[in-house]
file structure-v1.txt (compact mmCIF, C-alpha atoms and all ligand atoms)
# COMPACT_ATOMS: atom_id res chain seq x y z
CA MET A 1 0.00 0.00 0.00
CA SER A 2 1.31 3.41 -0.97
CA GLU A 3 1.69 6.03 1.76
CA ARG A 4 1.03 8.83 -0.69
CA PRO A 5 -2.56 10.09 -0.59
CA THR A 6 -4.34 9.37 -3.83
CA LEU A 7 -5.83 12.16 -5.94
CA SER A 8 -9.28 10.90 -4.94
CA ALA A 9 -8.47 11.13 -1.25
CA ALA A 10 -6.99 14.61 -1.68
CA LEU A 11 -10.06 15.85 -3.54
CA VAL A 12 -12.42 14.33 -0.97
CA ALA A 13 -10.47 16.03 1.83
CA ALA A 14 -10.48 19.39 0.04
CA ALA A 15 -14.21 19.13 -0.64
CA ASP A 16 -14.86 18.26 3.01
CA ALA A 17 -12.79 21.24 4.14
CA HIS A 18 -14.57 23.77 1.96
CA SER A 19 -18.17 22.59 1.54
CA ALA A 20 -21.19 22.37 3.81
CA HIS A 21 -21.62 18.81 5.05
CA ASN A 22 -25.25 18.38 4.02
CA TYR A 23 -24.35 15.17 2.12
CA HIS A 24 -22.28 12.10 2.98
CA PRO A 25 -21.11 10.95 -0.46
CA LEU A 26 -19.33 7.68 -1.13
CA PRO A 27 -15.60 8.42 -1.51
CA VAL A 28 -15.57 8.13 -5.30
CA VAL A 29 -14.50 11.16 -7.35
CA VAL A 30 -15.99 11.07 -10.83
CA ALA A 31 -14.14 12.69 -13.69
CA GLU A 32 -16.04 11.44 -16.74
CA ALA A 33 -19.14 9.49 -17.65
CA GLU A 34 -20.89 7.98 -20.64
CA GLY A 35 -24.09 5.95 -20.80
CA ALA A 36 -24.36 3.90 -17.61
CA TRP A 37 -20.64 4.11 -16.78
CA MET A 38 -18.60 6.63 -14.81
CA THR A 39 -14.80 6.91 -14.55
CA ASP A 40 -13.03 8.33 -11.51
CA VAL A 41 -9.92 10.53 -11.39
CA GLU A 42 -7.71 7.45 -11.10
CA GLY A 43 -9.25 5.87 -14.19
CA ARG A 44 -11.35 3.26 -12.33
CA ARG A 45 -14.73 2.52 -13.94
CA TYR A 46 -18.03 2.26 -12.09
CA LEU A 47 -21.47 1.17 -13.22
CA ASP A 48 -23.99 3.80 -12.15
CA LEU A 49 -27.05 2.15 -10.56
CA LEU A 50 -28.37 5.41 -9.10
CA ALA A 51 -28.66 7.53 -12.25
CA GLY A 52 -28.71 10.81 -10.34
CA TYR A 53 -31.86 9.75 -8.47
CA SER A 54 -33.51 9.27 -11.90
CA ALA A 55 -32.27 12.57 -13.33
CA LEU A 56 -30.14 10.41 -15.67
CA ASN A 57 -32.83 8.11 -17.06
CA PHE A 58 -31.22 8.39 -20.52
CA GLY A 59 -27.74 7.82 -19.15
CA HIS A 60 -24.79 10.18 -19.00
CA ARG A 61 -24.31 12.48 -21.99
CA HIS A 62 -26.81 10.83 -24.32
CA PRO A 63 -25.70 11.89 -27.83
CA ARG A 64 -29.15 13.20 -28.81
CA LEU A 65 -29.37 15.32 -25.67
CA VAL A 66 -25.81 16.61 -25.88
CA ALA A 67 -26.39 17.54 -29.53
CA ALA A 68 -29.57 19.42 -28.63
CA ALA A 69 -27.76 21.29 -25.83
CA VAL A 70 -24.71 22.14 -27.93
CA ALA A 71 -26.83 23.40 -30.84
CA GLN A 72 -28.75 25.62 -28.44
CA LEU A 73 -25.54 26.92 -26.78
CA ASP A 74 -24.61 28.28 -30.19
CA ARG A 75 -27.91 30.16 -30.57
CA VAL A 76 -29.35 31.65 -27.36
CA THR A 77 -29.33 30.38 -23.76
CA LEU A 78 -31.33 32.85 -21.67
CA THR A 79 -33.88 35.53 -22.35
CA SER A 80 -35.91 35.56 -19.13
CA ARG A 81 -39.67 35.38 -19.50
CA ALA A 82 -39.75 39.14 -20.11
CA PHE A 83 -39.48 38.15 -23.79
CA HIS A 84 -40.58 35.20 -25.90
CA HIS A 85 -37.98 32.84 -27.36
CA ASP A 86 -38.32 30.40 -30.22
CA ARG A 87 -38.03 27.14 -28.20
CA PHE A 88 -40.70 27.89 -25.62
CA ALA A 89 -43.79 27.03 -27.69
CA ALA A 90 -42.42 23.61 -28.67
CA PHE A 91 -41.48 22.83 -25.07
CA CYS A 92 -44.95 23.64 -23.72
CA THR A 93 -46.85 22.03 -26.60
CA ASP A 94 -44.84 18.81 -26.66
CA LEU A 95 -44.70 18.35 -22.88
CA ALA A 96 -48.42 19.03 -22.45
CA GLU A 97 -49.18 16.49 -25.16
CA LEU A 98 -46.93 13.84 -23.58
CA CYS A 99 -48.85 14.35 -20.33
CA GLY A 100 -52.30 14.33 -21.95
CA MET A 101 -52.69 17.86 -20.56
CA GLU A 102 -53.18 21.34 -21.94
CA ALA A 103 -50.67 23.71 -20.37
CA VAL A 104 -47.24 23.90 -18.77
CA LEU A 105 -45.72 26.13 -16.10
CA PRO A 106 -41.92 25.75 -16.27
CA MET A 107 -39.58 25.97 -13.28
CA ASN A 108 -36.08 24.62 -12.62
CA THR A 109 -35.75 22.24 -9.69
CA GLY A 110 -38.16 19.65 -8.40
CA ALA A 111 -38.75 21.43 -5.11
CA GLU A 112 -39.68 24.61 -6.98
CA ALA A 113 -42.16 22.69 -9.10
CA VAL A 114 -43.75 21.20 -5.97
CA GLU A 115 -43.93 24.69 -4.44
CA THR A 116 -45.55 25.85 -7.67
CA ALA A 117 -48.09 23.00 -7.50
CA VAL A 118 -48.92 23.99 -3.89
CA LYS A 119 -49.45 27.61 -4.98
CA THR A 120 -51.50 26.44 -7.98
CA ALA A 121 -53.78 24.36 -5.76
CA ARG A 122 -54.27 27.13 -3.21
CA LEU A 123 -55.01 29.77 -5.84
CA TRP A 124 -57.38 27.38 -7.61
CA GLY A 125 -59.04 26.63 -4.27
CA TYR A 126 -59.76 30.30 -3.60
CA LYS A 127 -60.60 31.39 -7.13
CA VAL A 128 -62.46 28.35 -8.47
CA LYS A 129 -63.53 26.11 -5.60
CA GLY A 130 -64.51 29.04 -3.36
CA VAL A 131 -62.58 28.09 -0.23
CA PRO A 132 -62.53 30.99 2.30
CA ALA A 133 -59.30 33.03 2.21
CA ASP A 134 -56.26 31.40 3.85
CA GLU A 135 -58.15 28.23 4.78
CA ALA A 136 -57.09 25.91 1.97
CA ARG A 137 -55.77 22.50 3.02
CA ILE A 138 -53.64 20.01 1.11
CA VAL A 139 -53.53 16.32 2.00
CA VAL A 140 -50.14 14.60 1.74
CA ALA A 141 -48.81 11.15 2.64
CA ALA A 142 -46.55 10.16 5.51
CA GLY A 143 -43.06 9.20 4.35
CA ASN A 144 -43.28 11.64 1.45
CA PHE A 145 -40.31 13.28 -0.22
CA HIS A 146 -41.14 16.38 -2.24
CA GLY A 147 -37.97 18.45 -1.84
CA ARG A 148 -36.12 20.67 0.61
CA THR A 149 -37.67 24.14 0.73
CA THR A 150 -39.15 25.39 4.00
CA THR A 151 -42.75 24.89 2.87
CA VAL A 152 -42.02 21.45 1.45
CA VAL A 153 -40.25 20.23 4.61
CA SER A 154 -43.21 21.62 6.57
CA PHE A 155 -45.20 18.59 5.43
CA SER A 156 -42.36 16.06 5.60
CA THR A 157 -42.58 13.38 8.30
CA ASP A 158 -38.84 12.69 8.25
CA PRO A 159 -37.20 14.25 11.34
CA GLU A 160 -33.86 14.50 9.50
CA ALA A 161 -35.43 16.63 6.76
CA ARG A 162 -37.53 18.74 9.18
CA ASP A 163 -35.97 19.22 12.57
CA GLY A 164 -34.56 22.65 13.24
CA PHE A 165 -36.24 24.34 10.28
CA GLY A 166 -39.44 25.62 11.88
CA PRO A 167 -41.64 27.60 12.08
CA PHE A 168 -43.43 25.56 9.46
CA THR A 169 -45.97 26.47 6.80
CA PRO A 170 -49.48 25.48 7.93
CA GLY A 171 -52.27 24.03 5.78
CA PHE A 172 -51.19 20.40 5.32
CA ASP A 173 -52.82 17.18 6.55
CA VAL A 174 -50.73 14.02 6.66
CA VAL A 175 -52.27 10.57 6.15
CA PRO A 176 -50.61 7.13 6.07
CA TYR A 177 -49.46 6.24 2.53
CA GLY A 178 -51.49 3.56 0.80
CA ASP A 179 -54.50 3.77 3.15
CA ARG A 180 -57.64 4.67 1.17
CA ALA A 181 -59.93 4.98 4.17
CA ALA A 182 -57.55 7.44 5.85
CA LEU A 183 -57.33 9.44 2.64
CA GLU A 184 -61.09 9.57 2.26
CA ALA A 185 -61.52 10.67 5.88
CA ALA A 186 -58.93 13.45 5.52
CA VAL A 187 -60.41 15.06 2.42
CA GLY A 188 -62.89 17.75 3.43
CA GLU A 189 -64.64 20.85 2.08
CA ARG A 190 -61.49 22.95 2.38
CA THR A 191 -59.20 20.40 0.80
CA VAL A 192 -57.92 21.89 -2.44
CA ALA A 193 -55.58 19.04 -3.37
CA VAL A 194 -54.21 15.62 -2.58
CA LEU A 195 -50.47 15.52 -3.32
CA LEU A 196 -48.93 12.06 -3.75
CA GLU A 197 -45.93 10.28 -5.16
CA PRO A 198 -47.42 7.36 -7.18
CA ILE A 199 -44.46 5.35 -5.83
CA GLN A 200 -42.55 6.80 -2.86
CA GLY A 201 -38.91 6.95 -3.97
CA GLU A 202 -36.91 8.29 -1.04
CA ALA A 203 -39.03 6.31 1.42
CA GLY A 204 -37.50 3.16 -0.12
CA VAL A 205 -39.36 2.68 -3.42
CA LEU A 206 -42.71 1.99 -1.74
CA VAL A 207 -45.39 0.83 -4.17
CA PRO A 208 -48.88 1.50 -2.80
CA PRO A 209 -51.42 -1.34 -2.65
CA PRO A 210 -53.24 -2.01 -5.95
CA GLY A 211 -56.17 0.34 -6.44
CA TYR A 212 -54.80 3.10 -4.19
CA LEU A 213 -54.13 5.63 -6.93
CA ALA A 214 -57.45 4.88 -8.59
CA ALA A 215 -59.13 5.39 -5.20
CA ALA A 216 -57.29 8.70 -4.76
CA ARG A 217 -58.55 9.71 -8.19
CA GLU A 218 -62.12 8.80 -7.28
CA ILE A 219 -62.00 10.52 -3.86
CA THR A 220 -60.60 13.77 -5.29
CA ARG A 221 -63.06 13.77 -8.19
CA ARG A 222 -66.01 13.32 -5.83
CA SER A 223 -64.88 15.99 -3.39
CA GLY A 224 -63.77 18.52 -6.00
CA ALA A 225 -60.09 18.55 -5.00
CA LEU A 226 -57.14 18.37 -7.38
CA LEU A 227 -55.12 15.18 -7.59
CA ILE A 228 -51.46 16.21 -7.89
CA ALA A 229 -49.02 13.45 -8.88
CA ASP A 230 -45.39 14.18 -8.02
CA GLU A 231 -43.75 12.14 -10.80
CA ILE A 232 -40.39 13.87 -10.45
CA GLN A 233 -38.69 10.54 -9.69
CA SER A 234 -41.29 7.98 -10.81
CA GLY A 235 -42.06 9.57 -14.18
CA LEU A 236 -40.49 9.75 -17.62
CA GLY A 237 -39.94 6.04 -18.17
CA ARG A 238 -38.59 4.92 -14.80
CA THR A 239 -41.37 2.39 -14.06
CA GLY A 240 -41.82 1.00 -17.57
CA ARG A 241 -44.47 3.56 -18.50
CA THR A 242 -44.13 7.26 -19.20
CA PHE A 243 -45.85 7.95 -15.86
CA ALA A 244 -46.27 5.64 -12.86
CA CYS A 245 -49.94 6.76 -12.63
CA GLU A 246 -50.57 4.89 -15.89
CA HIS A 247 -50.17 1.54 -14.13
CA GLU A 248 -53.58 2.21 -12.58
CA GLY A 249 -55.05 4.02 -15.57
CA VAL A 250 -55.10 7.23 -13.55
CA GLN A 251 -54.89 10.68 -15.09
CA PRO A 252 -54.22 13.22 -12.33
CA ASP A 253 -55.26 16.88 -12.54
CA VAL A 254 -51.67 18.02 -12.17
CA TYR A 255 -48.34 16.38 -12.96
CA VAL A 256 -45.20 17.65 -11.23
CA LEU A 257 -42.10 16.78 -13.24
CA GLY A 258 -38.37 17.35 -12.90
CA LYS A 259 -35.19 15.28 -12.73
CA ALA A 260 -35.04 13.37 -16.08
CA LEU A 261 -36.87 16.23 -17.84
CA GLY A 262 -33.50 18.01 -17.95
CA GLY A 263 -31.77 15.00 -19.52
CA GLY A 264 -29.08 15.04 -16.81
CA ILE A 265 -27.73 18.23 -18.38
CA VAL A 266 -29.68 21.16 -16.95
CA PRO A 267 -32.27 21.45 -14.18
CA VAL A 268 -35.73 21.55 -15.76
CA SER A 269 -39.00 21.11 -13.90
CA ALA A 270 -42.62 21.81 -14.67
CA VAL A 271 -46.19 21.78 -13.44
CA VAL A 272 -48.43 20.39 -16.16
CA SER A 273 -52.21 20.65 -16.00
CA SER A 274 -55.38 21.82 -17.69
CA ARG A 275 -55.92 25.26 -19.10
CA ALA A 276 -58.61 25.89 -16.49
CA VAL A 277 -56.29 25.10 -13.56
CA LEU A 278 -53.21 26.98 -14.79
CA ASP A 279 -55.39 29.94 -15.82
CA VAL A 280 -55.58 30.89 -12.13
CA PHE A 281 -52.19 32.56 -12.61
CA THR A 282 -52.02 36.11 -13.94
CA PRO A 283 -48.94 38.12 -14.91
CA GLY A 284 -46.85 38.79 -11.82
CA SER A 285 -48.47 36.14 -9.59
CA HIS A 286 -45.65 33.63 -10.02
CA GLY A 287 -42.38 33.29 -11.91
CA SER A 288 -38.77 32.25 -12.20
CA THR A 289 -35.83 33.97 -13.92
CA PHE A 290 -34.45 30.72 -15.32
CA GLY A 291 -37.72 28.79 -15.70
CA GLY A 292 -38.38 27.86 -19.33
CA ASN A 293 -35.05 29.22 -20.59
CA PRO A 294 -34.01 28.36 -24.17
CA LEU A 295 -31.30 25.86 -23.18
CA ALA A 296 -33.66 24.06 -20.79
CA CYS A 297 -36.41 23.99 -23.42
CA ALA A 298 -34.09 22.67 -26.15
CA VAL A 299 -32.96 19.75 -23.95
CA ALA A 300 -36.46 19.01 -22.64
CA VAL A 301 -37.96 19.04 -26.15
CA GLU A 302 -35.47 16.32 -27.07
CA VAL A 303 -36.27 14.38 -23.87
CA VAL A 304 -39.97 14.47 -24.77
CA ALA A 305 -39.21 13.40 -28.35
CA MET A 306 -37.22 10.43 -27.03
CA LEU A 307 -40.07 9.40 -24.74
CA ARG A 308 -42.64 9.72 -27.51
CA GLY A 309 -41.13 6.70 -29.27
CA GLY A 310 -41.77 4.47 -26.24
CA GLU A 311 -38.50 2.53 -26.53
CA TYR A 312 -37.12 3.72 -23.17
CA GLN A 313 -40.34 2.79 -21.39
CA GLN A 314 -40.16 -0.61 -23.13
CA ARG A 315 -36.55 -1.12 -22.04
CA SER A 316 -37.43 -0.20 -18.50
CA ALA A 317 -40.32 -2.68 -18.47
CA GLU A 318 -38.25 -5.52 -19.96
CA LEU A 319 -35.05 -4.98 -17.99
CA GLY A 320 -37.21 -4.30 -14.92
CA GLU A 321 -38.81 -7.71 -15.25
CA TYR A 322 -35.35 -9.26 -15.39
CA LEU A 323 -34.12 -7.16 -12.43
CA HIS A 324 -37.09 -8.05 -10.22
CA GLY A 325 -36.83 -11.73 -11.19
CA GLU A 326 -33.20 -11.81 -10.06
CA LEU A 327 -33.90 -9.86 -6.88
CA ALA A 328 -36.78 -12.21 -6.02
CA GLU A 329 -34.24 -15.04 -6.04
CA LEU A 330 -32.14 -13.17 -3.49
CA VAL A 331 -35.24 -12.87 -1.29
CA ALA A 332 -36.00 -16.57 -1.73
CA ALA A 333 -32.38 -17.42 -0.86
CA GLY A 334 -32.69 -15.33 2.31
CA SER A 335 -29.91 -12.90 1.25
CA VAL A 336 -32.22 -9.90 1.45
CA ARG A 337 -35.39 -9.33 3.45
CA ALA A 338 -37.66 -7.73 0.85
CA VAL A 339 -37.67 -6.08 -2.54
CA ARG A 340 -40.14 -3.53 -3.87
CA GLY A 341 -40.44 -1.55 -7.05
CA ARG A 342 -41.60 -1.37 -10.62
CA GLY A 343 -39.69 -1.31 -13.89
CA LEU A 344 -36.01 -0.49 -13.59
CA TRP A 345 -36.44 0.72 -10.02
CA ALA A 346 -36.04 -1.30 -6.83
CA GLY A 347 -35.74 -0.83 -3.09
CA VAL A 348 -33.81 -3.74 -1.58
CA ASP A 349 -34.07 -4.26 2.19
CA VAL A 350 -30.85 -5.76 3.51
CA ASP A 351 -30.98 -7.87 6.66
CA PRO A 352 -29.85 -5.46 9.43
CA GLU A 353 -27.74 -8.32 10.83
CA PHE A 354 -25.70 -8.18 7.64
CA GLY A 355 -25.05 -4.46 7.96
CA THR A 356 -26.40 -1.11 6.88
CA GLY A 357 -27.35 -0.07 3.38
CA ARG A 358 -24.34 2.22 3.54
CA ARG A 359 -22.05 -0.78 4.19
CA VAL A 360 -23.50 -2.63 1.19
CA SER A 361 -23.04 0.52 -0.93
CA GLU A 362 -19.38 0.75 0.12
CA LEU A 363 -18.72 -2.92 -0.63
CA LEU A 364 -20.35 -2.55 -4.04
CA MET A 365 -18.30 0.58 -4.73
CA GLU A 366 -15.11 -1.43 -4.14
CA ARG A 367 -16.36 -3.79 -6.86
CA GLY A 368 -17.19 -0.98 -9.29
CA VAL A 369 -20.94 -0.67 -8.74
CA LEU A 370 -22.48 2.56 -7.43
CA VAL A 371 -25.77 2.51 -5.49
CA LYS A 372 -27.19 4.64 -2.69
CA ASP A 373 -28.69 3.57 0.60
CA THR A 374 -31.83 5.11 2.05
CA HIS A 375 -33.42 4.83 5.50
CA GLY A 376 -30.77 2.63 7.14
CA SER A 377 -31.08 -0.79 5.61
CA THR A 378 -32.51 -0.15 2.15
CA VAL A 379 -30.42 -0.03 -1.01
CA ARG A 380 -32.00 1.68 -3.96
CA ILE A 381 -31.36 0.45 -7.50
CA ALA A 382 -32.31 2.77 -10.36
CA PRO A 383 -29.93 2.39 -13.30
CA PRO A 384 -30.07 4.55 -16.40
CA LEU A 385 -32.70 3.05 -18.72
CA VAL A 386 -29.99 2.69 -21.38
CA ILE A 387 -28.01 0.17 -19.27
CA ALA A 388 -26.94 -2.97 -21.17
CA LYS A 389 -28.49 -6.18 -19.89
CA GLU A 390 -25.01 -7.77 -19.51
CA ASP A 391 -23.91 -4.84 -17.34
CA LEU A 392 -27.00 -5.16 -15.16
CA ALA A 393 -26.39 -8.91 -14.86
CA TRP A 394 -22.78 -8.23 -13.82
CA ALA A 395 -23.90 -5.69 -11.19
CA LEU A 396 -26.39 -8.21 -9.76
CA GLU A 397 -23.59 -10.77 -9.59
CA GLN A 398 -21.57 -8.26 -7.53
CA LEU A 399 -24.55 -7.74 -5.21
CA ARG A 400 -24.95 -11.51 -4.79
CA GLU A 401 -21.28 -11.90 -3.94
CA VAL A 402 -21.24 -8.95 -1.54
CA LEU A 403 -24.23 -10.38 0.34
CA ALA A 404 -22.69 -13.87 0.36
CA VAL A 405 -19.28 -12.71 1.58
CA GLY A 406 -20.39 -9.99 4.00
C1 LIG B 1 -36.02 14.61 -6.10
C2 LIG B 1 -37.46 14.81 -5.80
C3 LIG B 1 -37.98 16.08 -5.55
C4 LIG B 1 -37.11 17.31 -5.42
O1 LIG B 1 -36.40 17.60 -6.58
P1 LIG B 1 -35.12 18.59 -6.51
O2 LIG B 1 -34.78 18.81 -7.96
O3 LIG B 1 -34.05 17.87 -5.77
O4 LIG B 1 -35.57 19.82 -5.82
C5 LIG B 1 -39.34 16.19 -5.35
N1 LIG B 1 -40.15 15.11 -5.40
C6 LIG B 1 -39.67 13.87 -5.65
C7 LIG B 1 -40.62 12.73 -5.71
C8 LIG B 1 -38.32 13.68 -5.84
O5 LIG B 1 -37.84 12.45 -6.03
call {"tool": "encode", "arguments": {"input": "structure-v1.txt", "output": "structure tokens"}}
result
Amino acid sequence: MSERPTLSAALVAAADAHSAHNYHPLPVVVAEAEGAWMTDVEGRRYLDLLAGYSALNFGHRHPRLVAAAVAQLDRVTLTSRAFHHDRFAAFCTDLAELCGMEAVLPMNTGAEAVETAVKTARLWGYKVKGVPADEARIVVAAGNFHGRTTTVVSFSTDPEARDGFGPFTPGFDVVPYGDRAALEAAVGERTVAVLLEPIQGEAGVLVPPPGYLAAAREITRRSGALLIADEIQSGLGRTGRTFACEHEGVQPDVYVLGKALGGGIVPVSAVVSSRAVLDVFTPGSHGSTFGGNPLACAVAVEVVAMLRGGEYQQRSAELGEYLHGELAELVAAGSVRAVRGRGLWAGVDVDPEFGTGRRVSELLMERGVLVKDTHGSTVRIAPPLVIAKEDLAWALEQLREVLAVG
């Protein structure tokens, strides 16, 4: 073993010294990436089974997306919404069509889009539903993850995300995820929206019981509340369909999108809904300097074009079937406690006796496979949808060996 610190170690130390410690990254320092593979500063290669929390559904630097970005860099990158630009109409038209909706409100990050959906629902509640001023309520699910802003963490149930950030924004009612009766009981006259992740990602890839989303649709329709689906992580091909809501034939009133919408190149998010709902906004009532900028629109238009063909959804469904088949064998063999998920997306519960999810992630990293733990003993697997089947098979072999060896 060399005594000299490696470049990786030096860069990790320098980053630790000069950055806020709001993350605890694995000690890998990436220098380059292509498709499903990343290369570190020492030239070691790693298979990426996290895909930027689904921001990289099309892999790193997909040629179509890079070409769209580069072409736009040579034309115009930012105008602000004070003026029109020539990519905005295509972005809104194409994205609305992909969603089976009518109109788009562009933002940048996921949390901003969720904030925008909350503002949309409140404004709609006062202007259209007739809820008395400042009395609108929004029903959310326990275990949710919708981002990190102060209002969004106000309705988180995760102490790590919440503690120390009060006072919190009022107006939210929390119900257990997957419980129809609780949802029905919580929706009242002043409820303007039910906000749900169709599959809870950060909670450990929790798939609700069959019929839950359809029940949420029925309850909101009956009570005149909006159903808002946060598909920031579950959407855009991740589950084998364009949207996870489609697995139950549900069309929400509002889609909240982000992550993969920016093709892993730029942050792009959006609230997508009907004309009637988004018409509650008037000039000056909401905005964003970077939202809907030309570079973001150019990349997102290409993302939507790629999804229109259906091949990525198909890949996710097929490789997902393979992935879940293999993981089921690990459950049967007793190597892992439980597996959940849909398409190319899985939450794997490791036996706590074996070690933490973090420990499994570190052991996999040593073998060239990158995953991320969540909530102690869960390892999340969400490769880019472009991953080769042989590479996925190899990664699963590494997981099997790690769990066998300890
Ligand atoms: C990641 C995520 C967000 C927040 O997105 P950011 O871009 O990190 O702000 C919101 N909702 C869900 C479901 C997410 O997975």
call {"tool": "atom_distance", "arguments": {"input": "structure-v1.txt", "atom1": "atom CA of A:Leu7", "atom2": "atom CA of A:Leu26"}}
result
15.0 Å
call {"tool": "atom_distance", "arguments": {"input": "structure-v1.txt", "atom1": "atom CA of A:Glu102", "atom2": "atom CA of A:Val272"}}
result
7.5 Å
call {"tool": "residues_near_point", "arguments": {"input": "structure-v1.txt", "point": "(-41.0, 37.5, -21.4)", "cutoff": "12 Å", "atoms": "only C-alpha atoms", "output": "short mmCIF file (atom, residue, chain, number, x, y, z; two decimals) with C-alpha atoms, in the coordinates of the input"}}
result
data_model
loop_
_atom_site.label_atom_id
_atom_site.label_comp_id
_atom_site.auth_asym_id
_atom_site.auth_seq_id
_atom_site.Cartn_x
_atom_site.Cartn_y
_atom_site.Cartn_z
CA LEU A 78 -31.33 32.85 -21.67
CA THR A 79 -33.88 35.53 -22.35
CA SER A 80 -35.91 35.56 -19.13
CA ARG A 81 -39.67 35.38 -19.50
CA ALA A 82 -39.75 39.14 -20.11
CA PHE A 83 -39.48 38.15 -23.79
CA HIS A 84 -40.58 35.20 -25.90
CA HIS A 85 -37.98 32.84 -27.36
CA ASP A 86 -38.32 30.40 -30.22
CA PHE A 88 -40.70 27.89 -25.62
CA PRO A 283 -48.94 38.12 -14.91
CA GLY A 284 -46.85 38.79 -11.82
CA GLY A 287 -42.38 33.29 -11.91
CA SER A 288 -38.77 32.25 -12.20
CA THR A 289 -35.83 33.97 -13.92
CA PHE A 290 -34.45 30.72 -15.32
CA GLY A 291 -37.72 28.79 -15.70
CA GLY A 292 -38.38 27.86 -19.33
CA ASN A 293 -35.05 29.22 -20.59
CA PRO A 294 -34.01 28.36 -24.17
#
call {"tool": "residues_near_ligand", "arguments": {"input": "structure-v1.txt", "ligand": "ligand LIG 1 (chain B)", "cutoff": "8 Å", "atoms": "all atoms listed in the file", "output": "mmCIF file with C-alpha atoms, keeping the file's coordinate frame"}}
result
data_model
loop_
_atom_site.group_PDB
_atom_site.id
_atom_site.type_symbol
_atom_site.label_atom_id
_atom_site.label_comp_id
_atom_site.auth_asym_id
_atom_site.auth_seq_id
_atom_site.Cartn_x
_atom_site.Cartn_y
_atom_site.Cartn_z
ATOM 1 C CA TYR A 53 -31.860 9.750 -8.470
ATOM 2 C CA SER A 54 -33.510 9.270 -11.900
ATOM 3 C CA ASN A 108 -36.080 24.620 -12.620
ATOM 4 C CA THR A 109 -35.750 22.240 -9.690
ATOM 5 C CA GLY A 110 -38.160 19.650 -8.400
ATOM 6 C CA ALA A 111 -38.750 21.430 -5.110
ATOM 7 C CA GLU A 112 -39.680 24.610 -6.980
ATOM 8 C CA ALA A 113 -42.160 22.690 -9.100
ATOM 9 C CA VAL A 114 -43.750 21.200 -5.970
ATOM 10 C CA ASN A 144 -43.280 11.640 1.450
ATOM 11 C CA PHE A 145 -40.310 13.280 -0.220
ATOM 12 C CA HIS A 146 -41.140 16.380 -2.240
ATOM 13 C CA GLY A 147 -37.970 18.450 -1.840
ATOM 14 C CA ARG A 148 -36.120 20.670 0.610
ATOM 15 C CA GLU A 197 -45.930 10.280 -5.160
ATOM 16 C CA GLN A 200 -42.550 6.800 -2.860
ATOM 17 C CA GLY A 201 -38.910 6.950 -3.970
ATOM 18 C CA GLU A 202 -36.910 8.290 -1.040
ATOM 19 C CA ASP A 230 -45.390 14.180 -8.020
ATOM 20 C CA GLU A 231 -43.750 12.140 -10.800
ATOM 21 C CA ILE A 232 -40.390 13.870 -10.450
ATOM 22 C CA GLN A 233 -38.690 10.540 -9.690
ATOM 23 C CA SER A 234 -41.290 7.980 -10.810
ATOM 24 C CA GLY A 258 -38.370 17.350 -12.900
ATOM 25 C CA LYS A 259 -35.190 15.280 -12.730
ATOM 26 C CA PRO A 267 -32.270 21.450 -14.180
ATOM 27 C CA SER A 269 -39.000 21.110 -13.900
#
call {"tool": "residues_near_point", "arguments": {"input": "structure-v1.txt", "point": "(-31.5, 21.4, -22.7)", "cutoff": "8 Å", "atoms": "all atoms listed in the file", "output": "PyMOL selection string"}}
result
chain A and resi 65+68-69+72+262-263+265-266+294-302
call {"tool": "residues_around", "arguments": {"input": "structure-v1.txt", "residues": "A:Glu189", "least_positions_apart": "3", "cutoff": "10 Å", "atoms": "all atoms listed in the file", "output": "list in words"}}
result
Lys129, Gly130, Val131, Ala136, Arg137, Ala186, Val192, Ser223, Gly224 and Ala225 of chain A
call {"tool": "atom_distance", "arguments": {"input": "structure-v1.txt", "atom1": "atom CA of A:Thr77", "atom2": "atom CA of A:Pro106"}}
result
15.4 Å
call {"tool": "residues_around", "arguments": {"input": "structure-v1.txt", "residues": "A:Trp345", "least_positions_apart": "5", "cutoff": "7 Å", "atoms": "all atoms listed in the file", "output": "ChimeraX atom specification"}}
result
/A:238-239,381-382
call {"tool": "closest_residue", "arguments": {"input": "structure-v1.txt", "among": "A:Pro352, A:Gly325, A:Pro198, A:Pro27", "to": "A:Gly249", "atoms": "all atoms listed in the file"}}
result
A:Pro198
call {"tool": "residues_around", "arguments": {"input": "structure-v1.txt", "residues": "A:Gln314", "least_positions_apart": "5", "cutoff": "9 Å", "atoms": "all atoms listed in the file", "output": "MDAnalysis selection string"}}
result
chainID A and resid 237 240:241 319
call {"tool": "residues_around", "arguments": {"input": "structure-v1.txt", "residues": "stretch 357-363 of chain A", "least_positions_apart": "6", "cutoff": "9 Å", "atoms": "all atoms listed in the file", "output": "NGL selection string"}}
result
:A and (26-27 or 348-350 or 369-380 or 399 or 402-403 or 406)
call {"tool": "closest_residue", "arguments": {"input": "structure-v1.txt", "among": "A:Met101, A:Val29, A:Val139, A:Ala404", "to": "A:Gln251", "atoms": "all atoms listed in the file"}}
result
A:Met101
call {"tool": "axis_aligned_box", "arguments": {"input": "structure-v1.txt", "around": "stretch 222-226 of chain A", "padding_each_side": "5 Å", "output": "JSON"}}
result
{"center_x": -61.6, "center_y": 15.9, "center_z": -5.4, "size_x": 18.9, "size_y": 15.2, "size_z": 14.0}
call {"tool": "closest_residue", "arguments": {"input": "structure-v1.txt", "among": "A:Pro5, A:Gly164, A:Gly320, A:Pro383", "to": "A:Gly52", "atoms": "all atoms listed in the file"}}
result
A:Pro383
call {"tool": "residues_around", "arguments": {"input": "structure-v1.txt", "residues": "A:Val140", "least_positions_apart": "3", "cutoff": "9 Å", "atoms": "all atoms listed in the file", "output": "PyMOL selection string"}}
result
chain A and resi 144+155-156+172-177+183+193-196
